[in-house]
>>> print(open('protein_24.cif').read())   # mmCIF, C-alpha atoms
data_query
loop_
_atom_site.group_PDB
_atom_site.id
_atom_site.type_symbol
_atom_site.label_atom_id
_atom_site.label_comp_id
_atom_site.auth_asym_id
_atom_site.auth_seq_id
_atom_site.Cartn_x
_atom_site.Cartn_y
_atom_site.Cartn_z
ATOM 1 C CA MET A 1 -40.246 30.426 70.480
ATOM 2 C CA ASP A 2 -38.776 27.485 72.416
ATOM 3 C CA ALA A 3 -39.455 25.188 69.469
ATOM 4 C CA ILE A 4 -37.629 27.521 67.066
ATOM 5 C CA THR A 5 -34.667 27.785 69.450
ATOM 6 C CA TRP A 6 -34.582 23.987 69.877
ATOM 7 C CA PHE A 7 -34.701 23.471 66.100
ATOM 8 C CA ALA A 8 -31.941 26.042 65.438
ATOM 9 C CA THR A 9 -29.695 24.540 68.125
ATOM 10 C CA HIS A 10 -30.101 20.980 66.865
ATOM 11 C CA PHE A 11 -29.905 22.008 63.218
ATOM 12 C CA ILE A 12 -26.496 23.619 63.645
ATOM 13 C CA GLY A 13 -25.565 20.816 66.069
ATOM 14 C CA LEU A 14 -25.947 18.314 63.244
ATOM 15 C CA PHE A 15 -23.369 20.195 61.190
ATOM 16 C CA ASN A 16 -21.065 20.622 64.192
ATOM 17 C CA GLU A 17 -21.040 16.855 64.738
ATOM 18 C CA SER A 18 -20.463 16.283 61.007
ATOM 19 C CA ALA A 19 -17.518 18.679 61.099
ATOM 20 C CA LYS A 20 -16.047 16.850 64.117
ATOM 21 C CA SER A 21 -16.411 13.553 62.279
ATOM 22 C CA LEU A 22 -14.732 14.973 59.166
ATOM 23 C CA THR A 23 -11.881 16.383 61.251
ATOM 24 C CA GLY A 24 -11.449 12.951 62.869
ATOM 25 C CA LEU A 25 -11.237 11.315 59.437
ATOM 26 C CA ILE A 26 -8.766 13.880 58.097
ATOM 27 C CA THR A 27 -6.464 13.601 61.102
ATOM 28 C CA GLY A 28 -6.970 9.875 61.706
ATOM 29 C CA ILE A 29 -7.805 7.394 58.973
ATOM 30 C CA LEU A 30 -7.013 9.498 55.887
ATOM 31 C CA PRO A 31 -3.241 9.769 56.499
ATOM 32 C CA LEU A 32 -3.176 6.052 57.337
ATOM 33 C CA LEU A 33 -4.871 5.186 54.038
ATOM 34 C CA ILE A 34 -2.495 7.393 52.047
ATOM 35 C CA VAL A 35 0.576 5.877 53.731
ATOM 36 C CA LEU A 36 -0.713 2.303 53.210
ATOM 37 C CA LEU A 37 -1.492 2.924 49.535
ATOM 38 C CA THR A 38 1.948 4.433 49.026
ATOM 39 C CA ALA A 39 3.573 1.491 50.819
ATOM 40 C CA MET A 40 1.703 -1.074 48.679
ATOM 41 C CA TYR A 41 2.683 0.688 45.459
ATOM 42 C CA ALA A 42 6.296 0.900 46.675
ATOM 43 C CA VAL A 43 6.363 -2.820 47.551
ATOM 44 C CA THR A 44 4.929 -3.707 44.133
ATOM 45 C CA THR A 45 7.536 -1.507 42.450
ATOM 46 C CA TRP A 46 10.408 -2.973 44.488
ATOM 47 C CA ILE A 47 9.323 -6.565 43.915
ATOM 48 C CA GLY A 48 8.591 -5.853 40.269
ATOM 49 C CA GLU A 49 5.315 -6.045 38.414
ATOM 50 C CA GLU A 50 6.486 -9.110 36.473
ATOM 51 C CA ARG A 51 7.240 -11.056 39.670
ATOM 52 C CA VAL A 52 3.874 -10.121 41.160
ATOM 53 C CA THR A 53 2.190 -11.270 37.932
ATOM 54 C CA ARG A 54 4.099 -14.582 38.025
ATOM 55 C CA ALA A 55 3.116 -15.114 41.670
ATOM 56 C CA VAL A 56 -0.527 -14.539 40.778
ATOM 57 C CA GLN A 57 -0.316 -16.909 37.808
ATOM 58 C CA TRP A 58 1.247 -19.575 40.052
ATOM 59 C CA ALA A 59 -1.521 -19.075 42.639
ATOM 60 C CA GLY A 60 -4.126 -19.533 39.904
ATOM 61 C CA LYS A 61 -2.943 -23.092 39.110
ATOM 62 C CA TYR A 62 -4.297 -24.730 42.268
ATOM 63 C CA ALA A 63 -7.815 -24.392 43.687
ATOM 64 C CA ILE A 64 -6.708 -23.821 47.278
ATOM 65 C CA THR A 65 -4.353 -20.976 46.325
ATOM 66 C CA ARG A 66 -6.703 -19.674 43.627
ATOM 67 C CA TYR A 67 -9.347 -18.968 46.273
ATOM 68 C CA SER A 68 -7.040 -17.896 49.096
ATOM 69 C CA ILE A 69 -3.650 -16.444 48.127
ATOM 70 C CA MET A 70 -4.769 -15.000 44.797
ATOM 71 C CA PRO A 71 -7.716 -12.951 46.150
ATOM 72 C CA ILE A 72 -5.701 -11.844 49.195
ATOM 73 C CA ILE A 73 -2.804 -10.578 47.038
ATOM 74 C CA SER A 74 -5.141 -8.924 44.547
ATOM 75 C CA VAL A 75 -7.251 -7.136 47.166
ATOM 76 C CA ILE A 76 -4.272 -5.928 49.222
ATOM 77 C CA ILE A 77 -2.134 -4.788 46.279
ATOM 78 C CA LEU A 78 -4.697 -3.566 43.743
ATOM 79 C CA THR A 79 -7.484 -2.619 46.206
ATOM 80 C CA ASN A 80 -11.209 -2.646 45.474
ATOM 81 C CA PRO A 81 -12.412 -2.612 42.648
ATOM 82 C CA MET A 82 -9.194 -3.171 40.643
ATOM 83 C CA ALA A 83 -8.560 -6.458 42.484
ATOM 84 C CA TYR A 84 -10.978 -8.289 40.207
ATOM 85 C CA THR A 85 -8.730 -7.700 37.184
ATOM 86 C CA PHE A 86 -6.430 -10.501 38.395
ATOM 87 C CA GLY A 87 -9.117 -12.815 37.033
ATOM 88 C CA ARG A 88 -7.657 -12.217 33.589
ATOM 89 C CA PHE A 89 -4.879 -14.673 34.478
ATOM 90 C CA LEU A 90 -7.375 -17.516 34.912
ATOM 91 C CA PRO A 91 -9.199 -19.800 32.498
ATOM 92 C CA GLU A 92 -12.781 -18.636 31.878
ATOM 93 C CA LYS A 93 -14.321 -21.443 33.938
ATOM 94 C CA TYR A 94 -12.569 -20.231 37.120
ATOM 95 C CA LYS A 95 -13.297 -16.512 36.778
ATOM 96 C CA PRO A 96 -16.729 -16.511 38.490
ATOM 97 C CA ALA A 97 -15.315 -18.365 41.520
ATOM 98 C CA PHE A 98 -12.290 -16.057 41.735
ATOM 99 C CA TYR A 99 -14.557 -13.004 41.574
ATOM 100 C CA ASP A 100 -16.753 -14.452 44.330
ATOM 101 C CA SER A 101 -13.699 -15.049 46.536
ATOM 102 C CA ALA A 102 -12.224 -11.612 45.910
ATOM 103 C CA VAL A 103 -15.472 -9.700 46.402
ATOM 104 C CA SER A 104 -16.109 -11.616 49.639
ATOM 105 C CA PHE A 105 -12.732 -10.531 51.027
ATOM 106 C CA VAL A 106 -13.044 -6.768 50.543
ATOM 107 C CA HIS A 107 -14.581 -6.280 54.004
ATOM 108 C CA PRO A 108 -12.473 -8.628 56.185
ATOM 109 C CA VAL A 109 -9.286 -7.180 54.654
ATOM 110 C CA THR A 110 -10.054 -3.759 56.165
ATOM 111 C CA ALA A 111 -9.243 -5.092 59.643
ATOM 112 C CA PHE A 112 -5.511 -4.848 58.822
ATOM 113 C CA PHE A 113 -5.389 -3.099 55.431
ATOM 114 C CA PRO A 114 -8.001 -0.309 55.429
ATOM 115 C CA HIS A 115 -6.577 1.111 52.182
ATOM 116 C CA ALA A 116 -7.806 -1.965 50.297
ATOM 117 C CA ASN A 117 -11.452 -0.924 50.531
ATOM 118 C CA ALA A 118 -11.488 2.601 51.921
ATOM 119 C CA GLY A 119 -14.925 3.356 50.471
ATOM 120 C CA GLU A 120 -16.542 0.686 52.653
ATOM 121 C CA LEU A 121 -14.362 1.021 55.741
ATOM 122 C CA PHE A 122 -17.500 1.848 57.731
ATOM 123 C CA VAL A 123 -18.312 -1.895 57.884
ATOM 124 C CA TRP A 124 -15.184 -2.674 59.928
ATOM 125 C CA THR A 125 -15.249 0.560 61.934
ATOM 126 C CA GLY A 126 -18.900 -0.047 62.800
ATOM 127 C CA VAL A 127 -18.149 -3.538 64.096
ATOM 128 C CA ALA A 128 -14.995 -2.443 65.901
ATOM 129 C CA ALA A 129 -16.484 0.693 67.509
ATOM 130 C CA GLY A 130 -18.655 -1.295 69.898
ATOM 131 C CA VAL A 131 -15.792 -3.610 70.854
ATOM 132 C CA GLN A 132 -13.500 -0.651 71.534
ATOM 133 C CA GLN A 133 -16.036 0.860 73.920
ATOM 134 C CA ILE A 134 -16.791 -2.374 75.775
ATOM 135 C CA ALA A 135 -13.398 -4.144 75.714
ATOM 136 C CA PRO A 136 -10.608 -2.070 74.096
ATOM 137 C CA ASP A 137 -8.036 -4.796 74.786
ATOM 138 C CA SER A 138 -10.010 -7.185 72.516
ATOM 139 C CA TYR A 139 -9.662 -4.970 69.425
ATOM 140 C CA ALA A 140 -6.594 -6.779 68.024
ATOM 141 C CA ARG A 141 -8.173 -10.177 68.694
ATOM 142 C CA LEU A 142 -11.328 -9.123 66.858
ATOM 143 C CA ALA A 143 -9.227 -7.934 63.879
ATOM 144 C CA VAL A 144 -7.407 -11.288 63.696
ATOM 145 C CA LEU A 145 -10.675 -13.242 63.930
ATOM 146 C CA TYR A 146 -12.408 -11.043 61.328
ATOM 147 C CA PHE A 147 -9.487 -11.448 58.914
ATOM 148 C CA SER A 148 -9.132 -15.214 59.549
ATOM 149 C CA VAL A 149 -12.831 -15.956 59.167
ATOM 150 C CA GLY A 150 -12.757 -13.917 55.948
ATOM 151 C CA ILE A 151 -10.071 -16.237 54.543
ATOM 152 C CA ILE A 152 -12.076 -19.343 55.479
ATOM 153 C CA VAL A 153 -15.209 -17.879 53.887
ATOM 154 C CA ILE A 154 -13.482 -16.982 50.594
ATOM 155 C CA ILE A 155 -12.080 -20.510 50.259
ATOM 156 C CA ILE A 156 -15.514 -22.047 50.837
ATOM 157 C CA ARG A 157 -17.188 -19.617 48.439
ATOM 158 C CA GLY A 158 -14.521 -20.186 45.794
ATOM 159 C CA TYR A 159 -14.952 -23.959 45.818
ATOM 160 C CA LEU A 160 -18.732 -23.680 45.926
ATOM 161 C CA THR A 161 -18.921 -21.202 43.043
ATOM 162 C CA GLN A 162 -16.480 -23.303 40.983
ATOM 163 C CA TRP A 163 -18.768 -26.320 41.504
ATOM 164 C CA ILE A 164 -21.889 -24.301 40.567
ATOM 165 C CA THR A 165 -20.134 -22.894 37.473
ATOM 166 C CA ARG A 166 -19.206 -26.416 36.321
ATOM 167 C CA ILE A 167 -22.835 -27.542 36.701
ATOM 168 C CA LEU A 168 -24.149 -24.512 34.776
ATOM 169 C CA ILE A 169 -21.615 -24.955 31.962
ATOM 170 C CA ASN A 170 -22.619 -28.610 31.534
ATOM 171 C CA ARG A 171 -26.335 -27.980 31.931
ATOM 172 C CA GLY A 172 -26.321 -25.053 29.503
ATOM 173 C CA GLY A 173 -24.522 -27.003 26.788
ATOM 174 C CA HIS A 174 -21.448 -24.754 26.872
ATOM 175 C CA LYS A 175 -18.876 -27.476 27.528
ATOM 176 C CA GLU A 176 -17.321 -27.257 24.044
ATOM 177 C CA THR A 177 -17.092 -23.468 24.240
ATOM 178 C CA PHE A 178 -15.247 -23.605 27.538
ATOM 179 C CA GLU A 179 -12.966 -26.368 26.277
ATOM 180 C CA ARG A 180 -12.039 -24.027 23.418
ATOM 181 C CA PHE A 181 -11.397 -21.263 25.964
ATOM 182 C CA ASP A 182 -9.154 -23.679 27.889
ATOM 183 C CA GLU A 183 -7.181 -24.472 24.735
ATOM 184 C CA MET A 184 -6.689 -20.775 24.030
ATOM 185 C CA TYR A 185 -5.602 -20.199 27.632
ATOM 186 C CA ALA A 186 -3.143 -23.118 27.442
ATOM 187 C CA ALA A 187 -1.724 -21.583 24.246
ATOM 188 C CA GLY A 188 -0.909 -18.423 26.201
ATOM 189 C CA GLN A 189 -3.841 -16.286 25.142
ATOM 190 C CA ILE A 190 -5.215 -14.455 28.159
ATOM 191 C CA GLN A 191 -8.137 -12.080 28.315
ATOM 192 C CA GLY A 192 -7.433 -8.904 26.404
ATOM 193 C CA ALA A 193 -4.981 -10.609 24.053
ATOM 194 C CA LYS A 194 -5.622 -10.312 20.335
ATOM 195 C CA THR A 195 -6.830 -13.428 18.562
ATOM 196 C CA GLU A 196 -7.611 -14.213 14.929
ATOM 197 C CA GLY A 197 -11.294 -13.566 15.543
ATOM 198 C CA GLY A 198 -10.760 -10.314 17.390
ATOM 199 C CA VAL A 199 -10.073 -9.731 21.083
ATOM 200 C CA LEU A 200 -10.574 -12.512 23.641
#
>>> encode(input="protein_24.cif", output="structure tokens")
Amino acid sequence: MDAITWFATHFIGLFNESAKSLTGLITGILPLLIVLLTAMYAVTTWIGEERVTRAVQWAGKYAITRYSIMPIISVIILTNPMAYTFGRFLPEKYKPAFYDSAVSFVHPVTAFFPHANAGELFVWTGVAAGVQQIAPDSYARLAVLYFSVGIIVIIIRGYLTQWITRILINRGGHKETFERFDEMYAAGQIQGAKTEGGVL
């Protein structure tokens, strides 16, 4: 009988704890995410979609901004997974490196912008939970370090993936194909634009 009572108590206890967790999310992080998403959409609307697009295109011209500013803007404004669509503004040879930079930033960004990757917020909250219990005054410092290290990592990964992509293009005999892609890009044809042979 004691075993049945213990099982019943702990069985319902599991659901009680789940309900408390859900209530915490609904009253805590959920309103924050909604407000941040609304704010990002408002900022994009106020600045203008065309200006944001021009800023992204400018950032794509230089390697250092292509693997720092461009992924940061895309992840914060478009959130995960839409952030990767900013790659359409780049020549084909830079798209793998941009994707690597952007996908590597979707966790560090949650330290300050949890709306950007709400589905995987548990990574940051898991790291931060221990720090809050041991040293609550170090929470902000941890967030800054997490975010800053994320930026350093995406720059390194961007350069490294660009270098690997160049090697694979040359080794695979695709140099002429990518030169043709570069010519099309220089002529103003970006991904999704109609070409004579169909859609690029």
>>> resolve_selection(input="protein_24.cif", expression="the PyMOL selection byres ((chain A and resi 123) around 12)", output="list in words")
Val106, His107, Pro108, Val109, Thr110, Ala111, Pro114, Asn117, Ala118, Gly119, Glu120, Leu121, Phe122, Trp124, Thr125, Gly126, Val127, Ala128, Ala129 and Tyr146 of chain A
>>> axis_aligned_box(input="protein_24.cif", around="stretch 49-62 of chain A", padding_each_side="8 Å", output="JSON")
{"center_x": 1.5, "center_y": -15.4, "center_z": 39.6, "size_x": 27.5, "size_y": 34.7, "size_z": 22.2}
>>> atom_distance(input="protein_24.cif", atom1="atom CA of A:Glu176", atom2="atom CA of A:Trp163")
17.5 Å
>>> atom_distance(input="protein_24.cif", atom1="atom CA of A:Phe178", atom2="atom CA of A:Tyr84")
20.3 Å
>>> resolve_selection(input="protein_24.cif", expression="the PyMOL selection byres ((chain A and resi 78) around 10)", output="list in words")
Leu37, Met40, Tyr41, Thr44, Ile72, Ile73, Ser74, Val75, Ile76, Ile77, Thr79, Asn80, Pro81, Met82, Ala83, Tyr84, Thr85, Phe86, His115, Ala116 and Asn117 of chain A
>>> atom_distance(input="protein_24.cif", atom1="atom CA of A:Trp58", atom2="atom CA of A:Thr38")
25.6 Å
>>> closest_residue(input="protein_24.cif", among="A:Arg88, A:Ser148, A:Phe113, A:Thr165", to="A:Tyr185", atoms="only C-alpha atoms")
A:Arg88
>>> closest_residue(input="protein_24.cif", among="A:Gly158, A:Ala140, A:Gln133, A:Thr65", to="A:Ala102", atoms="only C-alpha atoms")
A:Gly158
>>> closest_residue(input="protein_24.cif", among="A:Tyr94, A:Phe11, A:Met184, A:Ile164", to="A:Ala63", atoms="only C-alpha atoms")
A:Tyr94
>>> closest_residue(input="protein_24.cif", among="A:Gln57, A:Thr177, A:Gln132, A:Ser68", to="A:Leu90", atoms="only C-alpha atoms")
A:Gln57
